[in-house]
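Q: Please see the structure below; I have some questions.
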Amino acid sequence: MFKIHAEHLLTPIGNAPKNGKEMKKIYEDFDVDIYIENGKILDIKKHQTSDHFTIKAKLVTPSFVDAHTHIPFIGKRGKEFYMRSRGKTYSEIFEEGGGIYSTVKHVRSSTIGELIAENYKTLNHFKRLGISHIEGKSGYGLDIANELKQLKAISYINEFSDIKIVPTFLGLHAIPFEKTKEEYITEIKNSLDLIKMYTNTIDVFCDKGVYLPEDIEDLFNYAKLKGFRLRFHADEIANVGATKLAIKLGAISADHLLKIGEEEIELLGKSSTIATLMPGTSFYLGESFAPARKLIDKGAAVALGSDYNPGSCPIFSPSFIMHLALRFLNMEPEEILTAYTINSSYILNIENGAIEPGKKCDIAIWNTNEFIDILYMFDTNFLSAIVIDGKVTFYENS
Ligand code: NIG
Ligand code: FE
């Protein structure tokens with residue numbers, strides 16, 4: 001057993017997800033000892049004495065959970081960044097065979113070993129910034145064998161990594177070069193049992209120029225019957241009705257939502273589908289930001305993620321994403337903490353994001369007393385230690 005003596009404890013508590021006004025309710029305490037044994041939180045009490053088994057901490061929060069990344073991938077797309085900076089749009093580059101297609105070429109020609117090595121390195125950068133779990137997806141294979149190669153890479157990485165990737169199948173990320181939409185959708189439908197060996201979550205890029213609601217409704221209904229949890233990249237480029245379909249099918253999350261209107265905001269406010277927002281992508285592409293404030297005020301549950309990918313958002317820093325959430329999504333710091341911990345955990349179906357007796361122990365220890373500092377000085381790394389499953393990694397600024 002060991003304990004963490006926290007000068008300041010800040011954590012969501014209770015059951016996920018938190019929606020509307022509940023997102024702002026954070027438990028706060030000062031000068032407490034958190035007792036940890038066998039990867040679990042045993043107890044939290046007012047500080048008494050310190051001993052050899054006490055870690056001294058300033059601020060303690062749950063570790064962060066990134067609800068949306070595109071790991072594992074391989075290859076960089078710096079030239080596209082340059083072209084966009086000179087006026088080309090993300091959609092134009094995609095239509096010309098770059099964008100997602102460029103990463104598909106790299107992933108198809110990589111071995112699984114290369115995918116594992118490259119992405120494991122990246123995971124350590126996430127961990128160093130306070131993240132214990134991320135979502136990861138296929139979507140750069142665009143055929144069953146290469147999509148499964150990505151999912152297998154995730155499962156191998158999880159065997160030896162302490163930071164964990166929760167996998168999602170995003171076969172419907174773009175239309176493959178060599179077949180029609182319909183042929184590919186049928187192939188996926190026939191492969192769902194195989195896919196289920198690696199993940200129980202299916203996602204789609206449901207947007208203009210990619211898959212439309214009418215293309216995928218049958219497949220997603222069928223996947224749901226087979227026990228898949230549904231996620232949507234919804235209405236990021238244009239409002240094509242993706243969010244409405246996500247809500248109708250009871251999807252666990254609808255992500256991006258840049259182009260939704262009042263109607264979808266109302267519907268999300270009343271539904272159990274979580275609005276998952278990635279302000280890093282809006283910033284990186286110079287696009288508008290999702291209507292986070294309105295969503296929360298209407299009662300929706302909001303989660304945050306990086307969308308880390310080699311094209312539209314090569315950013316993984318939670319401090320920077322939270323900085324953007326405060327400034328451009330008009331979210332309050334407490335809402336941001338909820339969105340990056342307990343709400344994102346709920347999407348990934350893991351028990352994280354609340355520091356309370358009986359819960360699993362995934363904790364971040366910060367070298368500042370104030371949560372706002374992590375957002376305000378986003379490129380100073382305040383993390384002094386991270387505890388994943390009860391095991392501690394210390395960093396030099398402890
Ligand atoms: O979430 N929106 C679609 N897919 C990714 C972009 C992936 C890429 O450009 O490689 C996204 O932004
Ligand atoms: Fe994405």
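Here's how to read the names in the structure tokens: chain A, B, ... by the order shown, residue numbers from 1 in each chain, ligand numbers from 1 in the order shown.
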Skipping near chain neighbours, those fewer than 5 positions away, what residues fall within 9 Å of stretch 3-12 of chain A using only C-alpha atoms, listed as a PyMOL selection string?

A: chain A and resi 18+23-37+47+50+53-62+334+337-338+341-342+353-356+365+369-371

Q: Go ahead and dump the residues you just picked, N, CA and C atoms, as a CSV table (one decimal), in the first residue's frame.

A:
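Here's the written file again.csv:
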chain,number,residue,atom,x,y,z
A,18,LYS,N,-21.6,12.8,-17.2
A,18,LYS,CA,-22.2,14.0,-16.6
A,18,LYS,C,-22.7,14.9,-17.7
A,23,MET,N,-21.9,18.8,-15.3
A,23,MET,CA,-20.5,18.8,-15.8
A,23,MET,C,-19.7,19.8,-14.9
A,24,LYS,N,-20.3,20.7,-14.3
A,24,LYS,CA,-19.5,21.7,-13.5
A,24,LYS,C,-19.2,21.3,-12.1
A,25,LYS,N,-19.9,20.2,-11.7
A,25,LYS,CA,-19.8,19.8,-10.3
A,25,LYS,C,-18.6,18.9,-10.1
A,26,ILE,N,-17.6,19.5,-9.5
A,26,ILE,CA,-16.3,18.8,-9.2
A,26,ILE,C,-16.1,18.7,-7.7
A,27,TYR,N,-15.6,17.6,-7.2
A,27,TYR,CA,-15.3,17.5,-5.8
A,27,TYR,C,-14.0,18.1,-5.6
A,28,GLU,N,-13.9,18.9,-4.5
A,28,GLU,CA,-12.6,19.6,-4.2
A,28,GLU,C,-12.3,19.4,-2.8
A,29,ASP,N,-11.0,19.1,-2.5
A,29,ASP,CA,-10.6,19.0,-1.1
A,29,ASP,C,-9.1,19.4,-1.0
A,30,PHE,N,-8.7,19.7,0.3
A,30,PHE,CA,-7.3,20.1,0.5
A,30,PHE,C,-6.7,19.3,1.6
A,31,ASP,N,-5.4,19.1,1.4
A,31,ASP,CA,-4.6,18.4,2.4
A,31,ASP,C,-5.2,17.0,2.8
A,32,VAL,N,-5.3,16.2,1.8
A,32,VAL,CA,-5.8,14.8,2.0
A,32,VAL,C,-4.8,13.7,1.6
A,33,ASP,N,-5.0,12.5,2.2
A,33,ASP,CA,-4.2,11.4,1.9
A,33,ASP,C,-5.1,10.4,1.1
A,34,ILE,N,-4.6,10.0,-0.1
A,34,ILE,CA,-5.3,9.0,-0.9
A,34,ILE,C,-4.5,7.7,-0.8
A,35,TYR,N,-5.2,6.7,-0.2
A,35,TYR,CA,-4.6,5.4,0.1
A,35,TYR,C,-4.8,4.5,-1.1
A,36,ILE,N,-3.7,3.8,-1.6
A,36,ILE,CA,-3.8,3.0,-2.8
A,36,ILE,C,-3.2,1.6,-2.6
A,37,GLU,N,-4.0,0.6,-3.1
A,37,GLU,CA,-3.5,-0.8,-2.9
A,37,GLU,C,-4.0,-1.6,-4.1
A,47,HIS,N,-5.2,14.5,5.8
A,47,HIS,CA,-3.7,14.1,6.0
A,47,HIS,C,-3.4,14.0,7.5
A,50,SER,N,3.2,11.8,7.3
A,50,SER,CA,3.9,11.2,6.1
A,50,SER,C,4.9,10.1,6.5
A,53,PHE,N,6.1,5.7,2.5
A,53,PHE,CA,5.2,5.3,1.4
A,53,PHE,C,4.3,6.4,1.0
A,54,THR,N,4.7,7.6,1.3
A,54,THR,CA,3.9,8.8,1.0
A,54,THR,C,4.5,9.5,-0.2
A,55,ILE,N,3.7,9.8,-1.2
A,55,ILE,CA,4.1,10.7,-2.3
A,55,ILE,C,3.6,12.0,-2.1
A,56,LYS,N,4.4,13.0,-2.0
A,56,LYS,CA,3.9,14.4,-1.8
A,56,LYS,C,3.5,15.0,-3.1
A,57,ALA,N,2.3,15.6,-3.1
A,57,ALA,CA,1.7,16.1,-4.3
A,57,ALA,C,1.1,17.5,-4.1
A,58,LYS,N,1.2,18.3,-5.1
A,58,LYS,CA,0.5,19.6,-5.1
A,58,LYS,C,-0.9,19.3,-5.5
A,59,LEU,N,-1.2,19.5,-6.8
A,59,LEU,CA,-2.5,19.2,-7.3
A,59,LEU,C,-2.7,17.7,-7.8
A,60,VAL,N,-3.8,17.1,-7.5
A,60,VAL,CA,-4.0,15.7,-7.9
A,60,VAL,C,-5.4,15.7,-8.7
A,61,THR,N,-5.4,15.2,-9.9
A,61,THR,CA,-6.6,15.0,-10.7
A,61,THR,C,-6.6,13.6,-11.2
A,62,PRO,N,-7.8,13.1,-11.7
A,62,PRO,CA,-7.7,11.8,-12.5
A,62,PRO,C,-6.8,12.0,-13.7
A,334,GLU,N,-14.0,23.5,-14.9
A,334,GLU,CA,-14.6,22.3,-14.2
A,334,GLU,C,-15.2,21.4,-15.3
A,337,LEU,N,-12.4,19.6,-17.2
A,337,LEU,CA,-11.9,18.5,-16.5
A,337,LEU,C,-12.9,17.3,-16.6
A,338,THR,N,-14.1,17.5,-16.4
A,338,THR,CA,-15.1,16.4,-16.6
A,338,THR,C,-15.1,15.8,-18.0
A,341,THR,N,-12.1,13.5,-18.6
A,341,THR,CA,-11.8,12.4,-17.6
A,341,THR,C,-13.1,11.5,-17.6
A,342,ILE,N,-14.0,11.8,-16.8
A,342,ILE,CA,-15.1,10.9,-16.5
A,342,ILE,C,-16.0,10.7,-17.8
A,353,GLY,N,-11.7,8.3,-14.3
A,353,GLY,CA,-12.1,9.7,-14.3
A,353,GLY,C,-12.7,10.1,-12.9
A,354,ALA,N,-12.7,9.3,-11.9
A,354,ALA,CA,-13.2,9.7,-10.6
A,354,ALA,C,-12.2,9.1,-9.5
A,355,ILE,N,-11.7,10.0,-8.7
A,355,ILE,CA,-10.8,9.6,-7.6
A,355,ILE,C,-11.7,9.4,-6.4
A,356,GLU,N,-12.2,8.2,-6.1
A,356,GLU,CA,-13.0,7.9,-4.9
A,356,GLU,C,-12.8,6.5,-4.5
A,365,ILE,N,-0.4,13.7,-11.2
A,365,ILE,CA,0.1,14.5,-10.1
A,365,ILE,C,0.8,15.7,-10.7
A,369,ASN,N,-0.5,24.1,-7.9
A,369,ASN,CA,-1.7,23.9,-7.1
A,369,ASN,C,-3.0,24.2,-7.8
A,370,GLU,N,-2.9,24.8,-8.9
A,370,GLU,CA,-4.0,25.3,-9.6
A,370,GLU,C,-4.3,24.6,-11.0
A,371,PHE,N,-5.4,24.1,-11.2
A,371,PHE,CA,-5.8,23.4,-12.4
A,371,PHE,C,-5.7,24.4,-13.6

Q: Tell me, as number ranges by chain, which residues lie within 7 Å of A:Glu264, counting only C-alpha atoms; anything in the same chain fewer than 4 positions away does not count.

A: A: 243-244, 260, 268

Q: Residues contacting ligand 1 - anything with an atom at most 6 Å away, using only C-alpha atoms and all ligand atoms - can you give me those as a list in words?

A: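 These are the residues that qualify: Gly99, Ile100, Phe205, Asp307, Asn309, Pro310, Gly311 and Ser312 of chain A.
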
Q: Assign secondary structure with DSSP using the backbone only, and return the residues of stretch 71-174 of chain A in helix (DSSP H, G or I) as a ChimeraX atom specification.

A: /A:78-85,90-95,100-108,112-128,144-160

Q: When distances are computed from only C-alpha atoms and all ligand atoms, which of A:Asp255, A:Asp373, A:Glu335, A:Asp379 shows the smallest separation from ligand 2?

A: A:Asp255

Q: Which residue gives the smallest distance to A:Leu277 among A:Asp66, A:Pro72, A:Ile13, A:Ile388, with only C-alpha atoms counted?

A: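 Smallest distance to A:Leu277 is found for A:Asp66.
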